[in-house]
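These notes are about the structure you will find just below.
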Amino acid sequence: MDTLVSNRFAWLAAALVAGACSFAPARPVPLTLTLGTSTPGGGFPVYGAAFKAVVEESDPAITIETRNTTGSAENVPMLEEGKLDLALVQGEAAYEALAGVRRAGPSNIKVLWAMYSSPGMFVVRAASPYRAIADLEGQPVAWGAKGSGLVLLAGYTLDALGLDRDRDFRSFYLDRAADGPAMVLDGRAAALWGGGLGYPGFASVADSPGGARFIVPSAEEIDRITAKHRFLKRITIPAGSYKGITHDLVSVGSWSFVFARADLPDETAYRVARSLHRNESAFAKRPPHARDSTAMNTLDAPADRATIHPGVMRYLREAGIAR
């Protein structure tokens with residue numbers, strides 16, 4: 001009898017152990033993803049570092065490897081060729097890729113996450129005489145890295161005003177975005193063009209001895225720009241965004257996005273989206289402009305929700321953000 005009872009207890013214990021094992025949660029599959037940013041000294045590497053930290057903190061099984069590139073113009077074809085898993089793409093470059101502007105046809109890359117809106121501006125030394133875009137005509141201007149989407153934004157902005165970057169200005173295109181502020185500070189350039197909040201080049205000039213002044217289109221110029229290029233929107237730069245901005249400024253710009261290669265597995269996109277959404281509050285505390293990098297903006301910022309990665313849409317629906 002004792003032996004029979006003992007055997008029954010042994011069988012029950014084994015069954016319980018087996019059952020516990022069968023219901024144990026599976027460990028997340030390790031993932032390593034490449035993320036293209038831009039040249040050192042620009043806003044994309046700063047955002048990319050924060051993106052990497054937030055994803056890896058939220059899902060330690062995911063590793064993000066950031067890679068410096070020449071910017072949006074290189075990131076799009078690298079995604080299309082499968083040389084990157086993810087990449088940061090500035091708004092105008094994203095618009096051109098998805099609309100098929102200056103290319104054989106629309107790109108099939110997919111939006112993974114909204115980054116931030118990027119209002120374009122010039123920064124000059126505070127002691128300089130320049131106060132309007134017209135004042136800069138004929139002057140040396142550092143536009144940023146040639147492959148940067150911000151350079152495209154400058155082109156669209158000026159085009160609507162009847163101006164051309166190369167015809168109407170003495171243009172400098174940079175190998176490194178970090179070279180721009182030094183050119184303004186030592187007088188080689190009258191102005192540096194850039195965009196967004198938390199842009200390192202703007203901060204470098206604004207924080208320098210003597211300070212800085214920011215130049216944006218006038219209200220009448222904004223009307224002309226947005227009438228000609230409807231994908232550009234009015235964007236407010238709040239007072240205090242940089243030293244020298246004592247009241248709200250209004251400029252034009254568009255949303256930048258984290259894009260994924262078209263064949264990135266749905267489950268991978270789902271996991272990255274979940275990691276970012278769960279850690280949004282931490283993300284907002286890193287680069288100042290990352291506060292707009294949210295699940296809600298990921299749903300609302302793209303012009304066409306069909307461009308959002310299916311794995312991301314699945315997560316947004318499960319999280320109750322999308323219907």
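In the structure tokens, the first chain shown is A, the next is B, and so on; residue numbers restart at 1 for each chain, and ligands run from 1 in the order shown.
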Test item: residues at most 10 Å from stretch 150-158 of chain A, only C-alpha atoms, excluding those fewer than 2 positions along its chain, as a PDB file with N, CA and C atoms, in the first residue's frame:
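Contents of out-v1.pdb, as written:
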```pdb
ATOM      1  N   GLY A  71      22.976  60.208 -44.392  1.00  0.00           N
ATOM      2  CA  GLY A  71      21.660  60.758 -44.083  1.00  0.00           C
ATOM      3  C   GLY A  71      20.543  60.116 -44.876  1.00  0.00           C
ATOM      4  N   SER A  72      19.433  60.812 -44.949  1.00  0.00           N
ATOM      5  CA  SER A  72      18.211  60.262 -45.535  1.00  0.00           C
ATOM      6  C   SER A  72      18.395  59.775 -46.965  1.00  0.00           C
ATOM      7  N   ALA A  73      19.149  60.540 -47.774  1.00  0.00           N
ATOM      8  CA  ALA A  73      19.318  60.179 -49.180  1.00  0.00           C
ATOM      9  C   ALA A  73      20.009  58.836 -49.345  1.00  0.00           C
ATOM     10  N   VAL A  89      14.657  58.746 -41.484  1.00  0.00           N
ATOM     11  CA  VAL A  89      14.447  59.450 -42.749  1.00  0.00           C
ATOM     12  C   VAL A  89      13.708  60.756 -42.472  1.00  0.00           C
ATOM     13  N   GLN A  90      14.311  61.854 -42.912  1.00  0.00           N
ATOM     14  CA  GLN A  90      13.729  63.169 -42.704  1.00  0.00           C
ATOM     15  C   GLN A  90      12.480  63.326 -43.567  1.00  0.00           C
ATOM     16  N   GLY A  91      11.586  64.225 -43.162  1.00  0.00           N
ATOM     17  CA  GLY A  91      10.260  64.327 -43.746  1.00  0.00           C
ATOM     18  C   GLY A  91      10.205  64.505 -45.246  1.00  0.00           C
ATOM     19  N   GLU A  92      11.017  65.409 -45.800  1.00  0.00           N
ATOM     20  CA  GLU A  92      10.962  65.658 -47.238  1.00  0.00           C
ATOM     21  C   GLU A  92      11.478  64.455 -48.013  1.00  0.00           C
ATOM     22  N   ALA A  93      12.527  63.814 -47.504  1.00  0.00           N
ATOM     23  CA  ALA A  93      13.040  62.611 -48.161  1.00  0.00           C
ATOM     24  C   ALA A  93      12.009  61.489 -48.079  1.00  0.00           C
ATOM     25  N   GLU A  96       9.314  62.219 -50.701  1.00  0.00           N
ATOM     26  CA  GLU A  96       9.762  61.926 -52.061  1.00  0.00           C
ATOM     27  C   GLU A  96       9.838  60.424 -52.310  1.00  0.00           C
ATOM     28  N   SER A 118       9.992  68.607 -37.925  1.00  0.00           N
ATOM     29  CA  SER A 118      11.256  69.336 -38.103  1.00  0.00           C
ATOM     30  C   SER A 118      11.024  70.686 -38.765  1.00  0.00           C
ATOM     31  N   PRO A 119      10.780  71.737 -37.990  1.00  0.00           N
ATOM     32  CA  PRO A 119      10.669  73.073 -38.577  1.00  0.00           C
ATOM     33  C   PRO A 119      12.042  73.569 -39.012  1.00  0.00           C
ATOM     34  N   GLY A 120      12.150  74.034 -40.251  1.00  0.00           N
ATOM     35  CA  GLY A 120      13.430  74.516 -40.767  1.00  0.00           C
ATOM     36  C   GLY A 120      13.705  75.945 -40.353  1.00  0.00           C
ATOM     37  N   MET A 121      14.967  76.231 -40.060  1.00  0.00           N
ATOM     38  CA  MET A 121      15.375  77.581 -39.647  1.00  0.00           C
ATOM     39  C   MET A 121      16.821  77.825 -40.051  1.00  0.00           C
ATOM     40  N   PHE A 122      17.189  79.093 -40.088  1.00  0.00           N
ATOM     41  CA  PHE A 122      18.588  79.506 -40.173  1.00  0.00           C
ATOM     42  C   PHE A 122      19.020  79.980 -38.787  1.00  0.00           C
ATOM     43  N   ILE A 133      15.222  86.065 -44.457  1.00  0.00           N
ATOM     44  CA  ILE A 133      15.809  85.191 -45.475  1.00  0.00           C
ATOM     45  C   ILE A 133      16.411  86.017 -46.611  1.00  0.00           C
ATOM     46  N   ALA A 142      25.894  77.421 -44.817  1.00  0.00           N
ATOM     47  CA  ALA A 142      26.157  75.989 -44.619  1.00  0.00           C
ATOM     48  C   ALA A 142      24.811  75.285 -44.553  1.00  0.00           C
ATOM     49  N   TRP A 143      24.524  74.446 -45.556  1.00  0.00           N
ATOM     50  CA  TRP A 143      23.211  73.801 -45.639  1.00  0.00           C
ATOM     51  C   TRP A 143      23.162  72.479 -44.904  1.00  0.00           C
ATOM     52  N   GLY A 144      24.282  71.959 -44.512  1.00  0.00           N
ATOM     53  CA  GLY A 144      24.301  70.645 -43.871  1.00  0.00           C
ATOM     54  C   GLY A 144      24.891  69.609 -44.801  1.00  0.00           C
ATOM     55  N   ALA A 145      24.804  68.348 -44.406  1.00  0.00           N
ATOM     56  CA  ALA A 145      25.351  67.257 -45.209  1.00  0.00           C
ATOM     57  C   ALA A 145      24.537  67.093 -46.487  1.00  0.00           C
ATOM     58  N   LYS A 146      25.230  66.829 -47.589  1.00  0.00           N
ATOM     59  CA  LYS A 146      24.574  66.762 -48.902  1.00  0.00           C
ATOM     60  C   LYS A 146      23.430  65.753 -48.916  1.00  0.00           C
ATOM     61  N   GLY A 147      23.590  64.635 -48.210  1.00  0.00           N
ATOM     62  CA  GLY A 147      22.556  63.606 -48.213  1.00  0.00           C
ATOM     63  C   GLY A 147      21.458  63.819 -47.194  1.00  0.00           C
ATOM     64  N   SER A 148      21.498  64.926 -46.488  1.00  0.00           N
ATOM     65  CA  SER A 148      20.523  65.160 -45.422  1.00  0.00           C
ATOM     66  C   SER A 148      19.167  65.568 -45.975  1.00  0.00           C
ATOM     67  N   ALA A 160       9.631  77.861 -53.160  1.00  0.00           N
ATOM     68  CA  ALA A 160       8.342  78.560 -53.096  1.00  0.00           C
ATOM     69  C   ALA A 160       8.513  80.070 -53.003  1.00  0.00           C
ATOM     70  N   LEU A 161       9.727  80.508 -52.627  1.00  0.00           N
ATOM     71  CA  LEU A 161      10.003  81.941 -52.512  1.00  0.00           C
ATOM     72  C   LEU A 161      10.752  82.458 -53.735  1.00  0.00           C
ATOM     73  N   GLY A 162      10.881  81.605 -54.758  1.00  0.00           N
ATOM     74  CA  GLY A 162      11.574  82.010 -55.978  1.00  0.00           C
ATOM     75  C   GLY A 162      13.078  82.020 -55.840  1.00  0.00           C
ATOM     76  N   LEU A 163      13.595  81.279 -54.878  1.00  0.00           N
ATOM     77  CA  LEU A 163      15.036  81.238 -54.623  1.00  0.00           C
ATOM     78  C   LEU A 163      15.581  79.840 -54.874  1.00  0.00           C
ATOM     79  N   ASP A 164      16.882  79.763 -55.119  1.00  0.00           N
ATOM     80  CA  ASP A 164      17.567  78.497 -55.351  1.00  0.00           C
ATOM     81  C   ASP A 164      18.805  78.439 -54.457  1.00  0.00           C
ATOM     82  N   ARG A 165      19.003  77.292 -53.808  1.00  0.00           N
ATOM     83  CA  ARG A 165      20.139  77.164 -52.874  1.00  0.00           C
ATOM     84  C   ARG A 165      21.470  77.523 -53.520  1.00  0.00           C
ATOM     85  N   ASP A 166      21.698  77.019 -54.726  1.00  0.00           N
ATOM     86  CA  ASP A 166      23.016  77.164 -55.344  1.00  0.00           C
ATOM     87  C   ASP A 166      23.148  78.419 -56.199  1.00  0.00           C
ATOM     88  N   ASP A 168      21.363  81.411 -55.641  1.00  0.00           N
ATOM     89  CA  ASP A 168      21.146  82.660 -54.904  1.00  0.00           C
ATOM     90  C   ASP A 168      21.944  82.772 -53.610  1.00  0.00           C
ATOM     91  N   TYR A 173      28.154  72.481 -48.637  1.00  0.00           N
ATOM     92  CA  TYR A 173      27.572  71.199 -48.234  1.00  0.00           C
ATOM     93  C   TYR A 173      28.644  70.453 -47.451  1.00  0.00           C
ATOM     94  N   TRP A 193      21.813  76.330 -41.851  1.00  0.00           N
ATOM     95  CA  TRP A 193      20.438  75.855 -41.976  1.00  0.00           C
ATOM     96  C   TRP A 193      20.308  74.525 -41.241  1.00  0.00           C
ATOM     97  N   GLY A 194      19.181  74.350 -40.575  1.00  0.00           N
ATOM     98  CA  GLY A 194      18.920  73.080 -39.896  1.00  0.00           C
ATOM     99  C   GLY A 194      17.454  72.984 -39.557  1.00  0.00           C
ATOM    100  N   GLY A 195      17.114  72.054 -38.668  1.00  0.00           N
ATOM    101  CA  GLY A 195      15.704  71.904 -38.342  1.00  0.00           C
ATOM    102  C   GLY A 195      15.463  71.127 -37.077  1.00  0.00           C
ATOM    103  N   GLY A 196      14.320  71.364 -36.500  1.00  0.00           N
ATOM    104  CA  GLY A 196      13.878  70.587 -35.351  1.00  0.00           C
ATOM    105  C   GLY A 196      14.343  71.138 -34.023  1.00  0.00           C
ATOM    106  N   PRO A 217      10.828  81.907 -42.037  1.00  0.00           N
ATOM    107  CA  PRO A 217      10.035  82.644 -43.033  1.00  0.00           C
ATOM    108  C   PRO A 217       9.022  83.555 -42.346  1.00  0.00           C
ATOM    109  N   GLU A 221       5.520  84.646 -46.274  1.00  0.00           N
ATOM    110  CA  GLU A 221       6.337  83.621 -46.935  1.00  0.00           C
ATOM    111  C   GLU A 221       5.836  82.217 -46.593  1.00  0.00           C
ATOM    112  N   ILE A 222       5.395  82.019 -45.366  1.00  0.00           N
ATOM    113  CA  ILE A 222       4.844  80.717 -44.980  1.00  0.00           C
ATOM    114  C   ILE A 222       3.597  80.404 -45.804  1.00  0.00           C
ATOM    115  N   ARG A 224       2.982  81.355 -48.820  1.00  0.00           N
ATOM    116  CA  ARG A 224       3.439  80.995 -50.169  1.00  0.00           C
ATOM    117  C   ARG A 224       4.022  79.583 -50.187  1.00  0.00           C
ATOM    118  N   ILE A 225       4.774  79.232 -49.151  1.00  0.00           N
ATOM    119  CA  ILE A 225       5.413  77.916 -49.105  1.00  0.00           C
ATOM    120  C   ILE A 225       4.368  76.812 -48.986  1.00  0.00           C
ATOM    121  N   THR A 226       3.442  76.968 -48.054  1.00  0.00           N
ATOM    122  CA  THR A 226       2.445  75.913 -47.819  1.00  0.00           C
ATOM    123  C   THR A 226       1.426  75.832 -48.949  1.00  0.00           C
ATOM    124  N   LYS A 228       2.253  76.205 -52.165  1.00  0.00           N
ATOM    125  CA  LYS A 228       2.913  75.502 -53.270  1.00  0.00           C
ATOM    126  C   LYS A 228       3.247  74.065 -52.912  1.00  0.00           C
ATOM    127  N   HIS A 229       3.669  73.837 -51.674  1.00  0.00           N
ATOM    128  CA  HIS A 229       4.086  72.493 -51.251  1.00  0.00           C
ATOM    129  C   HIS A 229       3.214  72.082 -50.063  1.00  0.00           C
ATOM    130  N   LEU A 232       4.163  70.363 -46.693  1.00  0.00           N
ATOM    131  CA  LEU A 232       4.824  71.125 -45.642  1.00  0.00           C
ATOM    132  C   LEU A 232       3.767  71.791 -44.767  1.00  0.00           C
ATOM    133  N   SER A 251       7.583  78.271 -38.345  1.00  0.00           N
ATOM    134  CA  SER A 251       8.252  77.975 -39.600  1.00  0.00           C
ATOM    135  C   SER A 251       7.473  76.885 -40.321  1.00  0.00           C
ATOM    136  N   VAL A 252       8.111  76.232 -41.270  1.00  0.00           N
ATOM    137  CA  VAL A 252       7.488  75.127 -42.008  1.00  0.00           C
ATOM    138  C   VAL A 252       8.365  73.887 -41.870  1.00  0.00           C
ATOM    139  N   GLY A 253       7.735  72.745 -41.988  1.00  0.00           N
ATOM    140  CA  GLY A 253       8.486  71.495 -41.907  1.00  0.00           C
ATOM    141  C   GLY A 253       7.553  70.313 -42.063  1.00  0.00           C
ATOM    142  N   SER A 254       8.057  69.150 -41.740  1.00  0.00           N
ATOM    143  CA  SER A 254       7.259  67.931 -41.858  1.00  0.00           C
ATOM    144  C   SER A 254       7.767  66.913 -40.840  1.00  0.00           C
TER     145      SER A 254
END
```
| Contacts of stretch 283-285 of chain A within 10 Å, only C-alpha atoms, excl. fewer than 4 positions in-chain, as a list in words |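 Once the nearby chain positions are removed, what remains is Tyr47, Ala50, Phe51, Ala53, Val54, Val55, Leu276, His277, Arg278, Asn279, His289, Ala290, Arg291, Asp292, Ser293 and Thr294 of chain A.
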| request: With a distance cut-off of 9 Å and only C-alpha atoms, select the neighbouring residues of stretch 258-263 of chain A, excluding the residue or stretch itself and same-chain residues fewer than 6 positions from it, and output the selection as a list in words. | output: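 That gives Leu35, Val76, Met78, Leu79, Glu80, Glu81, Gly82, Lys83, Leu84, Asp85, Leu86, Ala87, Leu88, Val89, Gln90, Ala94, Asn108, Ile109, Lys110, Val111, Leu112, Trp113, Ala114, Met115, Ala269, Ile308 and His309 of chain A.
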Written file, previous selection with C-alpha atoms, as a short mmCIF file (atom, residue, chain, number, x, y, z; two decimals), in the first residue's frame:
```
data_model
loop_
_atom_site.label_atom_id
_atom_site.label_comp_id
_atom_site.auth_asym_id
_atom_site.auth_seq_id
_atom_site.Cartn_x
_atom_site.Cartn_y
_atom_site.Cartn_z
CA LEU A 35 19.69 51.34 -37.62
CA VAL A 76 16.28 55.00 -48.25
CA MET A 78 20.02 51.05 -48.16
CA LEU A 79 16.65 49.99 -46.73
CA GLU A 80 15.41 49.05 -50.18
CA GLU A 81 18.53 46.97 -50.80
CA GLY A 82 18.27 45.24 -47.41
CA LYS A 83 21.55 46.74 -46.19
CA LEU A 84 19.77 48.21 -43.15
CA ASP A 85 16.87 46.89 -41.10
CA LEU A 86 15.78 50.31 -39.85
CA ALA A 87 16.75 53.87 -40.74
CA LEU A 88 15.92 57.46 -39.86
CA VAL A 89 14.45 59.45 -42.75
CA GLN A 90 13.73 63.17 -42.70
CA ALA A 94 10.25 60.39 -46.80
CA ASN A 108 7.92 50.09 -50.53
CA ILE A 109 9.69 50.88 -47.24
CA LYS A 110 7.40 51.01 -44.20
CA VAL A 111 6.94 53.45 -41.33
CA LEU A 112 8.00 51.85 -38.05
CA TRP A 113 7.71 54.86 -35.70
CA ALA A 114 7.17 58.60 -35.80
CA MET A 115 10.21 60.64 -34.79
CA ALA A 269 8.25 45.21 -36.02
CA ILE A 308 2.79 51.87 -41.57
CA HIS A 309 4.38 48.44 -41.13
#
```
| Neighbour list for A:Thr39 as a ChimeraX atom specification, cut-off 9 Å, only C-alpha atoms, skip fewer than 4 positions in-chain | /A:44-45,68-71,145,148,175-178
| said: List the spatial neighbours of stretch 124-130 of chain A as a ChimeraX atom specification - criterion: any atom at most 10 Å away, only C-alpha atoms, same-chain residues fewer than 5 positions off excluded. | reply: /A:135-136,139,141,181,184-185,187,189-193,202,205-206,208-215,244
Write a file of the just-selected residues containing C-alpha atoms, as a PDB file, in the first residue's frame.
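Below is the file that was written, part.pdb:
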```
ATOM      1  CA  ASP A 135      19.171  89.322 -46.077  1.00  0.00           C
ATOM      2  CA  LEU A 136      21.049  86.064 -46.649  1.00  0.00           C
ATOM      3  CA  GLN A 139      25.891  85.165 -48.489  1.00  0.00           C
ATOM      4  CA  VAL A 141      25.389  79.430 -46.070  1.00  0.00           C
ATOM      5  CA  PRO A 181      28.484  75.592 -36.355  1.00  0.00           C
ATOM      6  CA  VAL A 184      29.282  80.273 -38.561  1.00  0.00           C
ATOM      7  CA  LEU A 185      31.303  81.046 -35.457  1.00  0.00           C
ATOM      8  CA  GLY A 187      32.868  83.743 -40.083  1.00  0.00           C
ATOM      9  CA  ALA A 189      29.467  81.102 -43.206  1.00  0.00           C
ATOM     10  CA  ALA A 190      26.881  83.753 -42.474  1.00  0.00           C
ATOM     11  CA  ALA A 191      24.263  81.178 -41.496  1.00  0.00           C
ATOM     12  CA  LEU A 192      23.653  77.519 -40.805  1.00  0.00           C
ATOM     13  CA  TRP A 193      20.438  75.855 -41.976  1.00  0.00           C
ATOM     14  CA  PHE A 202      21.741  75.099 -33.449  1.00  0.00           C
ATOM     15  CA  VAL A 205      25.831  78.393 -32.066  1.00  0.00           C
ATOM     16  CA  ALA A 206      23.183  79.468 -29.540  1.00  0.00           C
ATOM     17  CA  SER A 208      28.459  80.238 -27.886  1.00  0.00           C
ATOM     18  CA  PRO A 209      29.718  83.570 -26.512  1.00  0.00           C
ATOM     19  CA  GLY A 210      27.701  86.320 -28.141  1.00  0.00           C
ATOM     20  CA  GLY A 211      24.691  84.099 -28.700  1.00  0.00           C
ATOM     21  CA  ALA A 212      22.571  83.551 -31.778  1.00  0.00           C
ATOM     22  CA  ARG A 213      19.572  84.759 -33.739  1.00  0.00           C
ATOM     23  CA  PHE A 214      17.165  82.437 -35.558  1.00  0.00           C
ATOM     24  CA  ILE A 215      15.609  83.314 -38.903  1.00  0.00           C
ATOM     25  CA  GLY A 244      18.070  83.397 -28.080  1.00  0.00           C
TER      26      GLY A 244
END
```
| field | Those of stretch 132-210 of chain A in DSSP strand (DSSP E or B), formatted as a list in words | value |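 Strand (DSSP E or B) assignments inside stretch 132-210 of chain A correspond to Pro140, Val141, Ala142, Trp143, Gly144, Ala145, Arg170, Ser171, Phe172, Tyr173, Leu174, Ala191, Leu192, Trp193, Gly194 and Gly195 of chain A.
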| task | Would you mind writing down, as a ChimeraX atom specification, each residue of stretch 34-249 of chain A that DSSP on the backbone assigns to alpha helix (DSSP H)? | result | /A:43-58,72-80,91-99,149-159,165-168,179-185,200-206,219-228
Can you spit out the residues from that selection as a compact mmCIF listing (two decimals), in the first residue's frame, using C-alpha atoms?
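Everything below was put into selection_10.txt:
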```
# COMPACT_ATOMS: atom_id res chain seq x y z
CA GLY A 43 20.30 65.35 -34.81
CA PHE A 44 19.84 61.82 -36.20
CA PRO A 45 22.76 60.20 -34.32
CA VAL A 46 21.45 61.74 -31.08
CA TYR A 47 17.99 60.36 -31.71
CA GLY A 48 19.42 57.02 -32.84
CA ALA A 49 21.35 56.62 -29.58
CA ALA A 50 18.18 57.29 -27.56
CA PHE A 51 16.16 54.90 -29.75
CA LYS A 52 18.72 52.16 -29.16
CA ALA A 53 18.75 52.71 -25.40
CA VAL A 54 14.94 52.75 -25.07
CA VAL A 55 14.39 49.58 -27.12
CA GLU A 56 17.15 47.63 -25.40
CA GLU A 57 16.01 48.67 -21.93
CA SER A 58 12.44 47.62 -22.67
CA SER A 72 18.21 60.26 -45.54
CA ALA A 73 19.32 60.18 -49.18
CA GLU A 74 21.49 57.14 -48.44
CA ASN A 75 19.21 55.54 -45.87
CA VAL A 76 16.28 55.00 -48.25
CA PRO A 77 18.19 52.98 -50.88
CA MET A 78 20.02 51.05 -48.16
CA LEU A 79 16.65 49.99 -46.73
CA GLU A 80 15.41 49.05 -50.18
CA GLY A 91 10.26 64.33 -43.75
CA GLU A 92 10.96 65.66 -47.24
CA ALA A 93 13.04 62.61 -48.16
CA ALA A 94 10.25 60.39 -46.80
CA TYR A 95 7.68 62.27 -48.89
CA GLU A 96 9.76 61.93 -52.06
CA ALA A 97 10.44 58.22 -51.48
CA LEU A 98 6.80 57.29 -50.82
CA ALA A 99 5.45 59.53 -53.59
CA GLY A 149 16.76 65.48 -45.72
CA LEU A 150 17.12 68.93 -44.18
CA VAL A 151 18.84 70.03 -47.38
CA LEU A 152 15.73 68.91 -49.28
CA LEU A 153 13.58 70.92 -46.86
CA ALA A 154 15.70 73.99 -47.63
CA GLY A 155 15.18 73.41 -51.35
CA TYR A 156 11.39 73.20 -51.09
CA THR A 157 11.23 76.18 -48.73
CA LEU A 158 13.32 78.42 -50.98
CA ASP A 159 11.72 77.20 -54.20
CA ARG A 165 20.14 77.16 -52.87
CA ASP A 166 23.02 77.16 -55.34
CA ARG A 167 22.09 80.11 -57.55
CA ASP A 168 21.15 82.66 -54.90
CA ASP A 179 31.40 71.32 -39.14
CA GLY A 180 28.52 73.77 -39.71
CA PRO A 181 28.48 75.59 -36.36
CA ALA A 182 32.24 76.21 -36.50
CA MET A 183 31.85 77.82 -39.94
CA VAL A 184 29.28 80.27 -38.56
CA LEU A 185 31.30 81.05 -35.46
CA PRO A 200 23.06 69.98 -32.05
CA GLY A 201 24.27 72.53 -34.61
CA PHE A 202 21.74 75.10 -33.45
CA ALA A 203 22.62 74.50 -29.81
CA SER A 204 26.34 74.96 -30.52
CA VAL A 205 25.83 78.39 -32.07
CA ALA A 206 23.18 79.47 -29.54
CA ALA A 219 3.91 84.92 -42.22
CA GLU A 220 3.48 85.90 -45.88
CA GLU A 221 6.34 83.62 -46.94
CA ILE A 222 4.84 80.72 -44.98
CA ASP A 223 1.57 81.20 -46.86
CA ARG A 224 3.44 80.99 -50.17
CA ILE A 225 5.41 77.92 -49.11
CA THR A 226 2.44 75.91 -47.82
CA ALA A 227 0.32 76.89 -50.84
CA LYS A 228 2.91 75.50 -53.27
```
